[in-house]
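Written out below as structure tokens is the structure these notes cover.
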Amino acid sequence: MVEDQMSEFAVEGAELKQMIRFARKQPVSFGVNPGKEDKNTLLGMHRLKAPSIIGKSVKADGEGAKVAFGTCEVEGKVLNLRCERTLPGLAKKVKRFLKLHKVPLNVVVMDEDGTVLEQDIEELPDDPSLEAEEEAATSDAQTAEASKAAQNTPDPAAMAQKLKAIQQQLKTLPTAAAEKLTAAAASAVKAIRSGDLETAEATIGRIEAALAKLAAQARQDLEPLRQRMEEAQTQIDQISDDAKRAKLQAAMGMVEKAVGDANPPAAEKALTTVETALKKLAAPTPPPTAEITVLADWQAAKDAVDDELRLLSDRLRKSAIPEVQGVADEVETLLSPLRTKMITALMGFQQAPTDAKNRDAALTALSEAEAWLASDPRVKAIDANPWGVPVTVSATLGGVLRKLQNDVNRMGRKAS
């Protein structure tokens with residue numbers, strides 16, 4: 001093997017034989033990057049590292065573009081390679097590498113399930129160095145463990161970098177959570193300065209786990225907002241005034257940033273601002289017939305039901321029953337099938353009621369919404385919920401849908 005190809009985990013000679021002895025007792029991770037010549041092949045092995053890490057290392061340091069990796073075990077005179085990723089002709093390539101380094105072993109290549117994919121088997125001489133006494137293997141193991149302990153000593157500089165990244169994440173958290181984790185981060189800094197690196201490392205680990213848990217909860221809390229964002233964006237796209245549309249689009253950028261930062265309170269606040277502005281624009285300029293207010297009528301009824309659903313969703317999230325908590329998001333997004341299509345259809349009709357296509361599209365959307373309201377079993381279940389939260393999806397939306405169908409028929413004929 002040429003010197004500039006040496007990988008962090010590459011083995012050959014005595015070190016290779018030592019790893020072979022380990023592989024007689026337990027699986028050892030390996031990675032192989034075949035060279036154009038056998039002497040340039042990289043075989044990496046390690047008792048503790050993941051196979052993918054070994055594979056990544058030999059790929060970076062070897063001359064081949066593709067690598068194989070997995071775990072290996074030695075049984076008698078056979079090296080069994082159980083591969084997470086393999087290469088054609090791997091058995092022959094590995095056997096030639098072993099022969100080059102005077103390790104007489106046959107090679108069997110298997111997939112992760114143990115199915116044999118290929119093998120290179122022949123009669124081989126015994127090699128006493130591969131059948132070392134237990135004391136020699138124990139000595140090697142002790143050396144390896146000592147090396148491992150040295151490698152696993154916490155690095156103060158690396159921990160300081162982690163804490164710096166953590167501080168940035170804490171700035172996006174709600175006050176209560178941020179204060180608690182900030183105190184923990186300060187204790188980690190104190191432990192580093194006092195030389196108690198193990199305590200510092202453990203504290204940082206707990207902080208990272210807490211941040212991961214908070215991030216997961218934030219993503220769950222943000223999901224109900226995404227439907228409202230989609231509806232708001234649909235309304236913004238329909239605004240004909242370029243300046244007003246651009247202003248609201250910039251406000252939506254703040255919503256999207258808060259969602260990207262996994263910050264539900266900021267996202268809720270920014271989105272509510274956008275929705276309030278859109279409500280003011282819902283019926284700003286009189287359409288061809290001043291009495292046509294179908295969009296505003298629908299919006300008012302939908303907003304009333306949305307408020308009821310949010311109250312019920314909040315009540316479910318506070319339940320001690322996990323199955324009930326899991327229904328909360330579904331309740332809050334109940335009206336998803338109606339949102340975008342209804343807004344688009346009614347806005348089109350209100351802007352041009354003399355257009356027969358707009359009138360037909362509005363009537364179709366209203367009819368489909370009424371059919372959904374009557375057929376979806378969740379509607380009745382939510383209206384009759386046992387948690388004491390008043391919800392009137394059927395009554396409120398059913399009433400407005402019937403009214404709007406009459407209005408569209410009447411106003412459409414009058415406008416035309």
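Letters A, B, ... go to the chains of the structure tokens in the order shown; residues in each chain start at 1; ligands are counted from 1 in the same order.
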### Query
Hey, what's within 8 Å of A:Gln235 if we count only C-alpha atoms and toss same-chain stuff fewer than 4 positions away? As a ChimeraX atom specification, please?
/A:231,239,278,343-344
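Here atom CA of A:Ala362 stands at a distance of 17.2 Å from atom CA of A:Ala300.
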### Task
Could you give me, as a PyMOL selection string, the residues within 10 Å of A:Ala246, counting only C-alpha atoms and dropping anything in the same chain fewer than 5 positions from it?
chain A and resi 236-237+239+241+251-252
### Two-atom distance - atom CA of A:Leu271, atom CA of A:Lys247 (Å)
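Interatomic distance, atom CA of A:Leu271 to atom CA of A:Lys247: 13.5 Å.
Each of A:Thr392, A:Asn40, A:Asn33, A:Asn409 was compared to A:Ala60 using only C-alpha atoms, and A:Asn33 turns out to be the nearest.
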